[in-house]
Structures are given as C-alpha cells and as structure tokens.
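Source file: model.json (JSON, C-alpha atoms)
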[["chain", "number", "residue", "atom", "x", "y", "z"],
["H", 1, "MET", "CA", -100.21, 38.35, 29.26],
["H", 2, "LEU", "CA", -100.90, 37.68, 25.59],
["H", 3, "ASN", "CA", -104.07, 39.78, 25.73],
["H", 4, "ASP", "CA", -101.96, 42.82, 26.57],
["H", 5, "ILE", "CA", -99.76, 42.43, 23.49],
["H", 6, "ASP", "CA", -100.59, 43.53, 19.97],
["H", 7, "VAL", "CA", -99.76, 40.14, 18.44],
["H", 8, "LYS", "CA", -99.55, 41.58, 14.92],
["H", 9, "GLU", "CA", -96.56, 43.62, 16.03],
["H", 10, "VAL", "CA", -94.56, 40.69, 17.37],
["H", 11, "VAL", "CA", -95.55, 37.80, 15.10],
["H", 12, "LEU", "CA", -94.47, 37.90, 11.47],
["H", 13, "VAL", "CA", -96.04, 34.99, 9.67],
["H", 14, "LEU", "CA", -94.27, 33.77, 6.57],
["H", 15, "MET", "CA", -96.72, 33.41, 3.70],
["H", 16, "ALA", "CA", -95.40, 30.68, 1.38],
["H", 17, "SER", "CA", -96.85, 32.52, -1.62],
["H", 18, "GLU", "CA", -94.51, 35.45, -0.87],
["H", 19, "VAL", "CA", -91.33, 33.47, -0.10],
["H", 20, "GLN", "CA", -88.38, 32.55, -2.28],
["H", 21, "LEU", "CA", -85.15, 30.85, -1.24],
["H", 22, "LEU", "CA", -81.55, 31.80, -1.82],
["H", 23, "PHE", "CA", -78.86, 29.17, -1.33],
["H", 24, "ALA", "CA", -75.56, 31.08, -1.26],
["H", 25, "ASP", "CA", -72.15, 29.43, -1.57],
["H", 26, "LEU", "CA", -73.38, 26.05, -0.38],
["H", 27, "GLN", "CA", -70.56, 24.39, -2.25],
["H", 28, "GLU", "CA", -68.58, 21.20, -1.76],
["H", 29, "SER", "CA", -65.38, 23.25, -1.47],
["H", 30, "ILE", "CA", -66.80, 25.95, 0.86],
["H", 31, "VAL", "CA", -69.18, 24.25, 3.33],
["H", 32, "PRO", "CA", -66.26, 22.50, 5.14],
["H", 33, "LEU", "CA", -64.78, 25.94, 5.92],
["H", 34, "GLY", "CA", -67.58, 26.75, 8.35],
["H", 35, "ARG", "CA", -66.71, 26.33, 12.03],
["H", 36, "THR", "CA", -69.87, 27.33, 13.89],
["H", 37, "ARG", "CA", -71.97, 24.39, 12.75],
["H", 38, "SER", "CA", -71.02, 20.89, 11.68],
["H", 39, "GLU", "CA", -70.74, 20.23, 7.98],
["H", 40, "SER", "CA", -73.24, 17.38, 8.29],
["H", 41, "GLY", "CA", -75.68, 19.67, 10.12],
["H", 42, "VAL", "CA", -75.49, 22.38, 7.45],
["H", 43, "ARG", "CA", -75.95, 19.78, 4.71],
["H", 44, "ALA", "CA", -78.95, 18.20, 6.47],
["H", 45, "ALA", "CA", -80.63, 21.57, 7.00],
["H", 46, "ALA", "CA", -80.01, 22.60, 3.38],
["H", 47, "ARG", "CA", -81.40, 19.27, 2.14],
["H", 48, "VAL", "CA", -84.59, 19.67, 4.17],
["H", 49, "LEU", "CA", -84.95, 23.29, 3.08],
["H", 50, "ALA", "CA", -84.65, 22.17, -0.56],
["H", 51, "GLN", "CA", -87.35, 19.55, 0.08],
["H", 52, "VAL", "CA", -89.61, 22.19, 1.64],
["H", 53, "ALA", "CA", -89.03, 24.41, -1.40],
["H", 54, "ASP", "CA", -90.18, 21.59, -3.64],
["H", 55, "LEU", "CA", -93.22, 20.72, -1.50],
["H", 56, "LEU", "CA", -94.37, 24.33, -1.20],
["H", 57, "GLU", "CA", -93.38, 25.27, -4.76],
["H", 58, "LEU", "CA", -91.05, 28.00, -3.56],
["H", 59, "PRO", "CA", -88.74, 29.42, -6.22],
["H", 60, "ALA", "CA", -85.10, 28.87, -5.32],
["H", 61, "THR", "CA", -81.95, 30.59, -6.52],
["H", 62, "VAL", "CA", -78.57, 28.91, -6.18],
["H", 63, "SER", "CA", -75.72, 31.42, -6.27],
["H", 64, "ILE", "CA", -72.14, 30.24, -5.91],
["H", 65, "ALA", "CA", -68.62, 31.61, -5.85],
["H", 66, "PRO", "CA", -66.20, 30.78, -8.64],
["H", 67, "ARG", "CA", -63.85, 27.96, -7.68],
["H", 68, "PRO", "CA", -60.84, 26.47, -9.53],
["H", 69, "GLU", "CA", -62.62, 23.10, -9.69],
["H", 70, "GLY", "CA", -65.67, 24.69, -11.33],
["H", 71, "PRO", "CA", -69.27, 24.96, -10.10],
["H", 72, "ASP", "CA", -69.74, 22.62, -7.14],
["H", 73, "PRO", "CA", -73.10, 23.08, -5.37],
["H", 74, "ILE", "CA", -73.49, 20.55, -2.57],
["H", 75, "VAL", "CA", -75.16, 17.31, -3.58],
["H", 76, "GLU", "CA", -78.04, 18.03, -1.19],
["H", 77, "LEU", "CA", -79.23, 20.72, -3.63],
["H", 78, "SER", "CA", -79.17, 18.45, -6.68],
["H", 79, "GLY", "CA", -82.96, 18.04, -6.70],
["H", 80, "LEU", "CA", -83.58, 21.77, -7.00],
["H", 81, "ARG", "CA", -84.53, 23.46, -10.24],
["H", 82, "PRO", "CA", -82.93, 26.84, -9.58],
["H", 83, "VAL", "CA", -84.41, 29.95, -11.17],
["H", 84, "GLY", "CA", -82.21, 30.78, -14.15],
["H", 85, "GLY", "CA", -79.89, 27.84, -13.44],
["H", 86, "VAL", "CA", -76.94, 27.88, -11.05],
["H", 87, "GLN", "CA", -75.53, 31.40, -10.87],
["H", 88, "VAL", "CA", -71.74, 31.79, -10.64],
["H", 89, "ARG", "CA", -70.85, 35.17, -9.17],
["H", 90, "THR", "CA", -67.66, 37.20, -9.36],
["H", 91, "GLY", "CA", -67.87, 38.70, -5.85],
["H", 92, "ALA", "CA", -69.17, 38.14, -2.33],
["H", 93, "GLY", "CA", -72.54, 39.90, -2.59],
["H", 94, "CYS", "CA", -75.24, 38.04, -4.49],
["H", 95, "LEU", "CA", -77.02, 41.22, -5.60],
["H", 96, "ASP", "CA", -73.83, 42.52, -7.20],
["H", 97, "HIS", "CA", -74.18, 39.71, -9.74],
["H", 98, "VAL", "CA", -76.67, 40.49, -12.53],
["H", 99, "GLY", "CA", -77.75, 36.87, -13.05],
["H", 100, "THR", "CA", -78.44, 36.29, -9.37],
["H", 101, "ARG", "CA", -80.19, 39.63, -8.98],
["H", 102, "ASP", "CA", -82.36, 38.98, -12.04],
["H", 103, "ALA", "CA", -83.25, 35.49, -10.81],
["H", 104, "LEU", "CA", -84.38, 36.87, -7.44],
["H", 105, "LEU", "CA", -86.35, 39.75, -8.95],
["H", 106, "SER", "CA", -88.00, 37.55, -11.58],
["H", 107, "THR", "CA", -89.97, 35.64, -8.94],
["H", 108, "GLY", "CA", -91.91, 38.71, -7.83],
["H", 109, "ARG", "CA", -91.76, 37.41, -4.25],
["H", 110, "PRO", "CA", -90.86, 40.02, -1.61],
["H", 111, "THR", "CA", -89.50, 37.70, 1.08],
["H", 112, "VAL", "CA", -86.14, 35.97, 0.77],
["H", 113, "LEU", "CA", -85.13, 33.10, 3.01],
["H", 114, "ILE", "CA", -81.34, 32.91, 2.76],
["H", 115, "CYS", "CA", -78.77, 30.38, 3.89],
["H", 116, "GLY", "CA", -75.14, 29.81, 3.08],
["H", 117, "VAL", "CA", -71.51, 29.68, 4.09],
["H", 118, "LEU", "CA", -69.94, 31.89, 5.30],
["H", 119, "THR", "CA", -72.45, 33.74, 7.46],
["H", 120, "GLU", "CA", -70.11, 36.70, 7.92],
["H", 121, "LEU", "CA", -69.48, 37.05, 4.20],
["H", 122, "VAL", "CA", -72.06, 36.07, 1.59],
["H", 123, "VAL", "CA", -75.03, 35.76, 3.95],
["H", 124, "GLN", "CA", -74.43, 39.06, 5.74],
["H", 125, "LEU", "CA", -73.59, 41.13, 2.66],
["H", 126, "THR", "CA", -76.47, 39.73, 0.63],
["H", 127, "ALA", "CA", -78.99, 40.04, 3.46],
["H", 128, "LEU", "CA", -78.09, 43.69, 3.99],
["H", 129, "ASP", "CA", -78.32, 44.41, 0.26],
["H", 130, "LEU", "CA", -81.72, 42.68, 0.04],
["H", 131, "ILE", "CA", -83.04, 44.66, 3.01],
["H", 132, "GLU", "CA", -81.78, 47.88, 1.47],
["H", 133, "ALA", "CA", -83.59, 46.91, -1.75],
["H", 134, "GLY", "CA", -86.85, 46.70, 0.21],
["H", 135, "MET", "CA", -87.17, 42.95, 0.67],
["H", 136, "ARG", "CA", -87.94, 41.03, 3.85],
["H", 137, "VAL", "CA", -85.07, 38.74, 4.78],
["H", 138, "TYR", "CA", -85.00, 35.64, 6.96],
["H", 139, "VAL", "CA", -81.76, 33.77, 7.69],
["H", 140, "ALA", "CA", -82.06, 30.00, 8.13],
["H", 141, "LEU", "CA", -79.20, 29.77, 10.61],
["H", 142, "ASP", "CA", -78.95, 25.99, 10.80],
["H", 143, "ALA", "CA", -78.18, 25.95, 7.07],
["H", 144, "CYS", "CA", -75.38, 28.49, 7.58],
["H", 145, "ALA", "CA", -71.93, 28.36, 9.13],
["H", 146, "GLY", "CA", -69.46, 31.04, 10.09],
["H", 147, "LEU", "CA", -65.80, 31.39, 10.95],
["H", 148, "SER", "CA", -66.33, 31.78, 14.70],
["H", 149, "ASP", "CA", -69.18, 32.20, 17.15],
["H", 150, "SER", "CA", -68.26, 35.82, 17.84],
["H", 151, "THR", "CA", -67.90, 36.94, 14.23],
["H", 152, "GLU", "CA", -71.07, 35.09, 13.20],
["H", 153, "LEU", "CA", -73.01, 36.66, 16.07],
["H", 154, "ALA", "CA", -71.79, 40.11, 15.02],
["H", 155, "ALA", "CA", -73.00, 39.47, 11.46],
["H", 156, "LEU", "CA", -76.41, 38.26, 12.67],
["H", 157, "ARG", "CA", -76.79, 41.27, 14.95],
["H", 158, "ARG", "CA", -76.05, 43.56, 12.02],
["H", 159, "ILE", "CA", -78.68, 41.78, 9.89],
["H", 160, "GLU", "CA", -81.26, 42.01, 12.68],
["H", 161, "SER", "CA", -80.51, 45.67, 13.38],
["H", 162, "ALA", "CA", -81.10, 46.38, 9.67],
["H", 163, "GLY", "CA", -84.53, 44.72, 9.88],
["H", 164, "GLY", "CA", -83.77, 41.10, 9.02],
["H", 165, "TYR", "CA", -84.85, 38.04, 10.98],
["H", 166, "VAL", "CA", -82.94, 34.97, 12.12],
["H", 167, "GLY", "CA", -84.58, 31.57, 12.47],
["H", 168, "CYS", "CA", -83.99, 27.91, 11.70],
["H", 169, "VAL", "CA", -85.36, 25.53, 9.09],
["H", 170, "PRO", "CA", -87.94, 23.90, 11.42],
["H", 171, "ASN", "CA", -89.45, 27.15, 12.66],
["H", 172, "LEU", "CA", -89.41, 28.82, 9.24],
["H", 173, "ALA", "CA", -91.04, 25.79, 7.59],
["H", 174, "ALA", "CA", -93.64, 25.53, 10.35],
["H", 175, "ASP", "CA", -94.37, 29.23, 9.96],
["H", 176, "MET", "CA", -95.28, 28.64, 6.31],
["H", 177, "VAL", "CA", -97.26, 25.45, 7.00],
["H", 178, "ARG", "CA", -99.51, 25.89, 10.01],
["H", 179, "ASP", "CA", -101.54, 22.71, 9.46],
["H", 180, "PHE", "CA", -99.61, 19.44, 9.37],
["H", 181, "THR", "CA", -102.79, 17.40, 8.78],
["H", 182, "THR", "CA", -103.05, 18.47, 5.12],
["H", 183, "PRO", "CA", -101.25, 16.31, 2.53],
["H", 184, "THR", "CA", -98.61, 19.02, 1.98],
["H", 185, "GLY", "CA", -98.30, 19.70, 5.70],
["H", 186, "ALA", "CA", -97.78, 16.01, 6.40],
["H", 187, "ARG", "CA", -94.99, 15.85, 3.81],
["H", 188, "VAL", "CA", -93.34, 18.96, 5.26],
["H", 189, "ILE", "CA", -93.39, 17.53, 8.78],
["H", 190, "GLY", "CA", -92.01, 14.29, 7.34],
["H", 191, "ALA", "CA", -89.11, 16.23, 5.84],
["H", 192, "LEU", "CA", -88.53, 17.98, 9.17],
["H", 193, "HIS", "CA", -88.45, 14.62, 10.96],
["H", 194, "GLY", "CA", -85.53, 13.74, 8.69],
["H", 195, "LEU", "CA", -83.73, 16.78, 10.07],
["H", 196, "PHE", "CA", -84.56, 15.88, 13.67],
["H", 197, "SER", "CA", -83.15, 12.39, 13.21],
["H", 198, "ALA", "CA", -79.97, 13.82, 11.67],
["H", 199, "ALA", "CA", -79.34, 16.00, 14.73]]
So, in terms of structure tokens, how does the structure I just supplied come out?
Amino acid sequence: MLNDIDVKEVVLVLMASEVQLLFADLQESIVPLGRTRSESGVRAAARVLAQVADLLELPATVSIAPRPEGPDPIVELSGLRPVGGVQVRTGAGCLDHVGTRDALLSTGRPTVLICGVLTELVVQLTALDLIEAGMRVYVALDACAGLSDSTELAALRRIESAGGYVGCVPNLAADMVRDFTTPTGARVIGALHGLFSAA
C-alpha cells in the first residue's frame, strides 16, 4: 500500500530548474552504429529531447567525437544553442575534455540528463564520471543505442549501481512538467506526441 511507503525515498522528481542536458556522440557517422535501438528511434527521441530543452529553457551541451569528416552532430540537434558551442573531444569520456567539462559546470545545474551512442562507451564512462563528481545523472535510454542488448544492459546496471537512473524521454519530460494544462506543459505534451507517432 502506498500509505506504507515513504514516497520521498522512492520518487525522485526532476526539477527543471536543476536539470541540464548532455548530448554525447549523437553524430551522423556514429548513430548508425547502434544496434539496440533503431536509428530513426534514437533520432526521434533526441529531436523531442532537444525540443523539451528549448521549451523548458534547459541548458544543453553537445559533445562529439572527432571524425575524419569533421564535426557532424545529427540534424535533429540543429535547433539547439549548445553551451559553449559544439565540443569536439579527444577521448571517450566527456569530462576528460576541458571544454565539455567547463560547459557542464558553467550551468550550475546539479542534474545531468545524458543520451548518446554508444551506451557502453561515451554514455557509461561519462555517467560514471559525473556521478563521481557529485552530480545526479539520468540516462534517456530511448535516445541512446548500444552494441548489443547484453553489453548495453551491463553498462546500465553499472550506472544504476553507482547511483544513476535510467528512464526514457517521455517519463523524464513528464517528471519535469507535471501539469500539461499550462502553455508550456501543452507544448511539451505536443512534442511528446510527435515521439509517440514516430514509434
């Protein structure tokens, strides 16, 4: 029974005023490498998450891996105004890159909602580093993709055992916007409907 549970212990509400987003390696040349989710699904979830960031005025950092063809964030992120511009890292962990780390710290927001490809690589390493740095971390799994179900699950378990949380764009957005009858809430639910129709 709900009355027998200390709800504060089991429900962690995302406060939009404390949240920032990190889009990691969502690149035209990398997203197709994911095997655990369809490319179109990852793109749709990332697009909606970018729209939610705009609607809720959430700072967003875009951190990408160097590629021979140059910086290539997916087109679904083109409407974002990333903190400090698009960051091009030299390694797999976002916090190992000074520009990305500075962009994240400059927001002053203690909760990072991360998504990216590959889950086992950039998402896992960065999530663990963020948790170790004292930040709350949420993984938007539908905007991620991994190499295989088993290796992705192992990465997610490691993140959760370190204190991170795994969710999806609809539940994370709804957690930040509890009232869909407000003008902003109505626009957020409209963006989510776009994701539902893409499924």
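Note that the spacing between atom CA of H:Gly34 and atom CA of H:Ala191 amounts to 24.1 Å.
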For H:Leu147, find every residue with an atom within 12 Å (counting all atoms listed in the file), except residues of its own chain fewer than 4 positions away, and show them as an MDAnalysis selection string.
chainID H and resid 30:38 117:121 151:155
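Non-sequential neighbours of stretch 165-181 of chain H (distance at most 7 Å, separation of 6 or more positions within a chain, only C-alpha atoms) are Val13, Leu14, Met15, Ala16, Ala45, Leu49, Val137, Tyr138, Val139, Ala140, Leu141, Asp142, Ile189 and Leu192 of chain H.
Straight-line separation from atom CA of H:Ser29 to atom CA of H:Thr90: 16.2 Å.
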Selection: 10 Å around H:Leu95, all atoms listed in the file, excl. self and same-chain fewer than 4 positions, as a list in words:
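Listed by chain and then number, they are Ser63, Arg89, Gly91, Gly99, Thr100, Arg101, Asp102, Ala103, Leu104, Leu125, Thr126, Ala127, Leu128, Asp129, Leu130 and Ala133 of chain H.
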Take atom CA of H:Pro73 and atom CA of H:Leu58 and report the distance between them in Å, one decimal.
18.7 Å
Using only C-alpha atoms, which protein or nucleic acid residues come within 12 Å of H:Glu57? Drop anything in the same chain fewer than 2 positions from it, and give the result as a VMD selection string.
chain H and resid 16 to 21 49 to 55 59 to 60 80 to 83 107 176 184 188
Pick out the closest residue to H:Met135 from this set: H:Asp149, H:Val123, H:Leu156, H:Gly164. Count only C-alpha atoms.
H:Gly164
Residue nearest H:Leu22 - candidates H:Ala186, H:Ile64, H:Val112, H:Val48, atoms counted: all atoms listed in the file
H:Val112
With distances taken over all atoms listed in the file, which of H:Glu69, H:Asp25, H:Glu76, H:Glu132 is nearest to H:Ala92?
H:Asp25
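If all atoms listed in the file are the atoms counted, then among H:Gln87, H:Arg158, H:Arg67, H:Ile74 the closest residue to H:Ser40 is H:Ile74.
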Give me the residues within 6 Å of H:Phe23 as a list in words, counting only C-alpha atoms and dropping any in the same chain fewer than 4 places off.
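Non-adjacent residues within range: Val62, Cys115 and Gly116 of chain H.
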Among H:Gly41, H:Gly84, H:Pro110, H:Pro66, H:Leu195 is approached most closely, using all atoms listed in the file, by H:Gly41
